[in-house]
file start.txt (compact mmCIF, C-alpha atoms)
# COMPACT_ATOMS: atom_id res chain seq x y z
CA MET A 151 -1.37 -38.17 11.13
CA THR A 152 0.70 -38.34 7.95
CA GLU A 153 -1.02 -35.15 6.76
CA GLY A 154 0.51 -33.25 9.69
CA LEU A 155 3.91 -34.81 9.08
CA PHE A 156 3.79 -33.80 5.42
CA PHE A 157 2.85 -30.21 6.24
CA ASN A 158 5.45 -30.06 9.00
CA GLN A 159 8.21 -31.06 6.57
CA HIS A 160 6.85 -28.63 3.98
CA LEU A 161 6.85 -25.78 6.49
CA ARG A 162 10.41 -26.46 7.57
CA TRP A 163 11.38 -25.69 3.98
CA SER A 164 9.04 -22.68 3.88
CA ILE A 165 10.91 -21.08 6.79
CA PHE A 166 14.18 -21.47 4.91
CA ASN A 167 12.55 -20.06 1.79
CA PRO A 168 12.10 -16.50 3.19
CA THR A 169 15.82 -16.40 3.99
CA VAL A 170 16.67 -17.17 0.38
CA THR A 171 13.95 -14.84 -0.89
CA PHE A 172 15.22 -12.01 1.32
CA LEU A 173 18.65 -12.26 -0.33
CA PHE A 174 17.01 -11.83 -3.72
CA VAL A 175 14.95 -8.89 -2.44
CA ILE A 176 18.30 -7.18 -1.85
CA LEU A 177 20.16 -8.51 -4.90
CA GLN A 178 17.44 -7.97 -7.49
CA PRO A 179 17.20 -4.17 -7.13
CA LEU A 180 21.00 -3.87 -7.00
CA THR A 181 21.56 -5.91 -10.15
CA GLY A 182 18.58 -4.20 -11.79
CA TYR A 183 20.09 -0.79 -11.08
CA TRP A 184 23.41 -1.99 -12.52
CA LEU A 185 21.70 -3.25 -15.70
CA ILE A 186 19.65 -0.06 -16.09
CA ASN A 187 22.84 2.00 -15.98
CA MET A 188 24.77 -0.42 -18.20
CA LEU A 189 22.07 -0.35 -20.89
CA GLY A 190 21.60 3.40 -20.69
CA TYR A 191 17.97 3.45 -19.57
CA SER A 192 16.54 6.26 -17.48
CA LEU A 193 15.35 5.23 -14.01
CA THR A 194 12.04 6.93 -14.81
CA GLU A 195 11.16 4.90 -17.93
CA PRO A 196 7.44 4.08 -17.63
CA TRP A 197 8.02 0.32 -17.78
CA LEU A 198 10.65 0.59 -15.02
CA VAL A 199 8.35 2.67 -12.80
CA ALA A 200 5.64 0.04 -13.34
CA SER A 201 8.20 -2.62 -12.34
CA TYR A 202 9.05 -0.73 -9.14
CA VAL A 203 5.36 -0.53 -8.18
CA LEU A 204 4.83 -4.23 -8.90
CA PHE A 205 7.94 -5.12 -6.87
CA ILE A 206 6.55 -3.16 -3.90
CA ILE A 207 3.18 -4.93 -4.27
CA ALA A 208 4.90 -8.32 -4.29
CA GLY A 209 6.93 -7.35 -1.22
CA ALA A 210 3.85 -6.10 0.62
CA CYS A 211 2.19 -9.48 -0.02
CA TRP A 212 5.32 -11.40 0.94
CA LEU A 213 5.85 -9.87 4.39
CA PRO A 214 2.63 -11.19 5.97
CA VAL A 215 3.22 -14.55 4.26
CA VAL A 216 6.48 -14.99 6.19
CA TRP A 217 4.65 -14.36 9.47
CA MET A 218 1.90 -16.82 8.45
CA GLN A 219 4.41 -19.49 7.45
CA ILE A 220 6.02 -19.32 10.87
CA ARG A 221 2.62 -19.58 12.57
CA MET A 222 1.60 -22.46 10.28
CA ARG A 223 4.84 -24.28 11.05
CA ASN A 224 4.24 -23.89 14.78
CA LEU A 225 0.61 -25.06 14.52
CA SER A 226 1.70 -28.03 12.42
CA GLN A 227 4.41 -29.03 14.88
CA GLN A 228 1.97 -28.75 17.78
CA ALA A 229 -0.65 -30.89 16.00
CA LEU A 230 1.98 -33.49 15.16
CA GLN A 231 3.28 -33.53 18.72
CA ASP A 232 -0.24 -33.85 20.16
CA GLY A 233 -1.29 -36.42 17.56
CA VAL A 234 -4.31 -34.38 16.47
CA PRO A 235 -5.44 -33.06 13.07
CA LEU A 236 -4.46 -29.59 11.98
CA VAL A 237 -6.65 -26.92 13.57
CA GLU A 238 -8.95 -24.57 11.65
CA ARG A 239 -6.60 -21.66 12.35
CA TYR A 240 -3.93 -23.43 10.29
CA HIS A 241 -6.32 -23.79 7.36
CA ARG A 242 -7.37 -20.14 7.70
CA PHE A 243 -3.69 -19.11 7.44
CA ALA A 244 -3.26 -21.42 4.44
CA ARG A 245 -6.17 -19.77 2.61
CA ARG A 246 -4.82 -16.30 3.34
CA TRP A 247 -1.33 -17.43 2.28
CA PHE A 248 -2.75 -18.61 -1.04
CA ARG A 249 -4.73 -15.38 -1.56
CA LEU A 250 -1.65 -13.26 -0.92
CA GLY A 251 0.41 -15.49 -3.19
CA MET A 252 -1.75 -14.71 -6.21
CA PRO A 253 -1.03 -10.95 -6.43
CA ALA A 254 2.61 -11.51 -5.45
CA PHE A 255 3.13 -14.12 -8.17
CA THR A 256 1.19 -12.06 -10.72
CA SER A 257 3.29 -8.99 -9.89
CA MET A 258 6.53 -10.90 -10.35
CA ALA A 259 5.29 -12.42 -13.63
CA LEU A 260 4.36 -8.94 -14.88
CA ILE A 261 7.80 -7.62 -13.90
CA TYR A 262 9.35 -10.42 -15.94
CA TYR A 263 7.09 -9.54 -18.87
CA LEU A 264 8.03 -5.85 -18.61
CA MET A 265 11.74 -6.66 -18.53
CA VAL A 266 11.64 -9.04 -21.47
CA PHE A 267 9.11 -7.27 -23.66
CA ASN A 268 9.69 -3.64 -22.69
CA LEU A 269 10.25 -2.76 -26.35
CA LEU A 270 6.52 -3.07 -26.91
CA LEU A 271 5.93 -0.25 -24.42
CA GLN A 272 8.61 2.15 -25.60
CA ARG A 273 8.07 4.77 -28.28
CA ASN A 274 11.75 5.36 -28.96
CA SER A 275 13.57 2.06 -28.97
CA MET A 276 17.16 2.03 -27.77
CA CYS A 277 18.04 -0.95 -29.91
CA THR A 278 17.86 -2.33 -33.39
CA VAL A 279 14.86 -4.63 -33.61
CA MET A 280 14.96 -7.82 -35.62
CA THR A 281 11.56 -9.09 -36.71
CA SER A 282 10.36 -11.79 -39.03
CA SER A 283 7.00 -13.23 -39.96
CA ASN A 284 7.28 -16.07 -37.44
CA GLN A 285 8.17 -13.88 -34.43
CA LEU A 286 5.45 -12.94 -32.01
CA PHE A 287 7.57 -10.34 -30.21
CA PRO A 288 10.41 -8.11 -31.42
CA ILE A 289 13.91 -9.07 -30.33
CA CYS A 290 16.59 -6.52 -29.55
CA THR A 291 19.72 -7.46 -31.47
CA ARG A 292 21.96 -4.47 -30.75
CA PHE A 293 21.75 -1.85 -28.01
CA THR A 294 22.49 1.76 -28.92
CA PRO A 295 22.31 3.82 -25.72
call {"tool": "encode", "arguments": {"input": "start.txt", "output": "structure tokens"}}
result
Amino acid sequence: MTEGLFFNQHLRWSIFNPTVTFLFVILQPLTGYWLINMLGYSLTEPWLVASYVLFIIAGACWLPVVWMQIRMRNLSQQALQDGVPLVERYHRFARRWFRLGMPAFTSMALIYYLMVFNLLLQRNSMCTVMTSSNQLFPICTRFTP
């Protein structure tokens, strides 16, 4: 019984989570576009195009997850109300949710990597790079668009 209660409370938060995430789905491209223009990058830089593709992959994984979270919340509430264990359908949704979360998370992590370490992928750097023997990655110290 407490298992259902735990999942029910978790899923209440997970329904709020898509609302917050949706705001970032709108804000992230807008602020990204602003930064691209501010730093003088071309919108067609290879690392940016890769980021766009990864963002679309993450979004494509996220959309069915929202639907599943709503279904899982409803199944959890019903099980709690009826005093029965969670049904197999709930667990099937949970497995699919997890499987879709892996490519979405990986895509977002790769976008982060591309944003932070894009200098490794560029032939013509737009900044002065500071390196030392103890640095694993180059650091941009001054932008020259």
call {"tool": "atom_distance", "arguments": {"input": "start.txt", "atom1": "CA of Thr171 (chain A)", "atom2": "CA of Val215 (chain A)"}}
result
11.9 Å
call {"tool": "closest_residue", "arguments": {"input": "start.txt", "among": "A:Met188, A:Leu250, A:Leu236, A:Leu204", "to": "Met218 (chain A)", "atoms": "all atoms listed in the file"}}
result
A:Leu250
call {"tool": "residues_around", "arguments": {"input": "start.txt", "residues": "region 172-186 of chain A", "least_positions_apart": "3", "cutoff": "12 Å", "atoms": "only C-alpha atoms", "output": "list in words"}}
result
Ile165, Phe166, Asn167, Pro168, Thr169, Leu189, Gly190, Tyr191, Ser192, Leu193, Thr194, Glu195, Trp197, Leu198, Ser201, Tyr202, Phe205, Ile206, Ala208, Gly209, Ala210, Trp212, Leu213, Val216, Met258, Ile261, Tyr262, Met265 and Pro295 of chain A
call {"tool": "atom_distance", "arguments": {"input": "start.txt", "atom1": "CA of Asp232 (chain A)", "atom2": "CA of Pro214 (chain A)"}}
result
26.9 Å
call {"tool": "atom_distance", "arguments": {"input": "start.txt", "atom1": "CA of Gln227 (chain A)", "atom2": "CA of His241 (chain A)"}}
result
14.1 Å
call {"tool": "axis_aligned_box", "arguments": {"input": "start.txt", "around": "region 195-209 of chain A", "padding_each_side": "3 Å", "output": "AutoDock Vina command-line options"}}
result
--center_x 7.2 --center_y -1.7 --center_z -9.6 --size_x 14.0 --size_y 19.2 --size_z 22.7
call {"tool": "closest_residue", "arguments": {"input": "start.txt", "among": "A:Ser226, A:Cys211, A:Phe255, A:Pro196", "to": "Arg239 (chain A)", "atoms": "only C-alpha atoms"}}
result
A:Ser226
call {"tool": "closest_residue", "arguments": {"input": "start.txt", "among": "A:Ala259, A:Met252, A:Leu264, A:Ala244", "to": "Trp217 (chain A)", "atoms": "only C-alpha atoms"}}
result
A:Ala244
call {"tool": "build_atoms", "arguments": {"input": "start.txt", "residues": "region 246-268 of chain A", "atoms": "N, CA and C atoms", "output": "PDB file, keeping the file's coordinate frame"}}
result
ATOM      1  N   ARG A 246      -5.349 -17.663   3.476  1.00  0.00           N
ATOM      2  CA  ARG A 246      -4.820 -16.300   3.340  1.00  0.00           C
ATOM      3  C   ARG A 246      -3.480 -16.311   2.614  1.00  0.00           C
ATOM      4  N   TRP A 247      -2.635 -17.275   2.933  1.00  0.00           N
ATOM      5  CA  TRP A 247      -1.330 -17.430   2.280  1.00  0.00           C
ATOM      6  C   TRP A 247      -1.523 -17.574   0.775  1.00  0.00           C
ATOM      7  N   PHE A 248      -2.480 -18.405   0.387  1.00  0.00           N
ATOM      8  CA  PHE A 248      -2.750 -18.610  -1.040  1.00  0.00           C
ATOM      9  C   PHE A 248      -3.259 -17.329  -1.685  1.00  0.00           C
ATOM     10  N   ARG A 249      -4.175 -16.634  -1.003  1.00  0.00           N
ATOM     11  CA  ARG A 249      -4.730 -15.380  -1.560  1.00  0.00           C
ATOM     12  C   ARG A 249      -3.662 -14.310  -1.717  1.00  0.00           C
ATOM     13  N   LEU A 250      -2.738 -14.232  -0.796  1.00  0.00           N
ATOM     14  CA  LEU A 250      -1.650 -13.260  -0.920  1.00  0.00           C
ATOM     15  C   LEU A 250      -0.627 -13.695  -1.967  1.00  0.00           C
ATOM     16  N   GLY A 251      -0.523 -14.993  -2.178  1.00  0.00           N
ATOM     17  CA  GLY A 251       0.410 -15.490  -3.190  1.00  0.00           C
ATOM     18  C   GLY A 251       0.005 -15.132  -4.599  1.00  0.00           C
ATOM     19  N   MET A 252      -1.287 -15.025  -4.842  1.00  0.00           N
ATOM     20  CA  MET A 252      -1.750 -14.710  -6.210  1.00  0.00           C
ATOM     21  C   MET A 252      -1.285 -13.336  -6.681  1.00  0.00           C
ATOM     22  N   PRO A 253      -1.523 -12.244  -5.938  1.00  0.00           N
ATOM     23  CA  PRO A 253      -1.030 -10.950  -6.430  1.00  0.00           C
ATOM     24  C   PRO A 253       0.499 -10.866  -6.425  1.00  0.00           C
ATOM     25  N   ALA A 254       1.149 -11.535  -5.474  1.00  0.00           N
ATOM     26  CA  ALA A 254       2.610 -11.510  -5.450  1.00  0.00           C
ATOM     27  C   ALA A 254       3.179 -12.207  -6.685  1.00  0.00           C
ATOM     28  N   PHE A 255       2.657 -13.390  -6.994  1.00  0.00           N
ATOM     29  CA  PHE A 255       3.130 -14.120  -8.170  1.00  0.00           C
ATOM     30  C   PHE A 255       2.808 -13.354  -9.451  1.00  0.00           C
ATOM     31  N   THR A 256       1.592 -12.820  -9.532  1.00  0.00           N
ATOM     32  CA  THR A 256       1.190 -12.060 -10.720  1.00  0.00           C
ATOM     33  C   THR A 256       2.093 -10.841 -10.896  1.00  0.00           C
ATOM     34  N   SER A 257       2.398 -10.152  -9.811  1.00  0.00           N
ATOM     35  CA  SER A 257       3.290  -8.990  -9.890  1.00  0.00           C
ATOM     36  C   SER A 257       4.661  -9.379 -10.410  1.00  0.00           C
ATOM     37  N   MET A 258       5.205 -10.474  -9.897  1.00  0.00           N
ATOM     38  CA  MET A 258       6.530 -10.900 -10.350  1.00  0.00           C
ATOM     39  C   MET A 258       6.493 -11.353 -11.812  1.00  0.00           C
ATOM     40  N   ALA A 259       5.423 -12.012 -12.224  1.00  0.00           N
ATOM     41  CA  ALA A 259       5.290 -12.420 -13.630  1.00  0.00           C
ATOM     42  C   ALA A 259       5.197 -11.191 -14.536  1.00  0.00           C
ATOM     43  N   LEU A 260       4.469 -10.170 -14.093  1.00  0.00           N
ATOM     44  CA  LEU A 260       4.360  -8.940 -14.880  1.00  0.00           C
ATOM     45  C   LEU A 260       5.697  -8.203 -14.951  1.00  0.00           C
ATOM     46  N   ILE A 261       6.465  -8.220 -13.873  1.00  0.00           N
ATOM     47  CA  ILE A 261       7.800  -7.620 -13.900  1.00  0.00           C
ATOM     48  C   ILE A 261       8.657  -8.329 -14.940  1.00  0.00           C
ATOM     49  N   TYR A 262       8.603  -9.646 -14.947  1.00  0.00           N
ATOM     50  CA  TYR A 262       9.350 -10.420 -15.940  1.00  0.00           C
ATOM     51  C   TYR A 262       8.911 -10.022 -17.349  1.00  0.00           C
ATOM     52  N   TYR A 263       7.614  -9.935 -17.563  1.00  0.00           N
ATOM     53  CA  TYR A 263       7.090  -9.540 -18.870  1.00  0.00           C
ATOM     54  C   TYR A 263       7.616  -8.155 -19.249  1.00  0.00           C
ATOM     55  N   LEU A 264       7.560  -7.210 -18.324  1.00  0.00           N
ATOM     56  CA  LEU A 264       8.030  -5.850 -18.610  1.00  0.00           C
ATOM     57  C   LEU A 264       9.516  -5.824 -18.938  1.00  0.00           C
ATOM     58  N   MET A 265      10.303  -6.633 -18.254  1.00  0.00           N
ATOM     59  CA  MET A 265      11.740  -6.660 -18.530  1.00  0.00           C
ATOM     60  C   MET A 265      12.030  -7.259 -19.896  1.00  0.00           C
ATOM     61  N   VAL A 266      11.355  -8.340 -20.221  1.00  0.00           N
ATOM     62  CA  VAL A 266      11.640  -9.040 -21.470  1.00  0.00           C
ATOM     63  C   VAL A 266      11.037  -8.327 -22.671  1.00  0.00           C
ATOM     64  N   PHE A 267       9.825  -7.844 -22.517  1.00  0.00           N
ATOM     65  CA  PHE A 267       9.110  -7.270 -23.660  1.00  0.00           C
ATOM     66  C   PHE A 267       8.919  -5.762 -23.547  1.00  0.00           C
ATOM     67  N   ASN A 268       9.846  -5.082 -22.890  1.00  0.00           N
ATOM     68  CA  ASN A 268       9.690  -3.640 -22.690  1.00  0.00           C
ATOM     69  C   ASN A 268       9.693  -2.873 -24.001  1.00  0.00           C
TER      70      ASN A 268
END
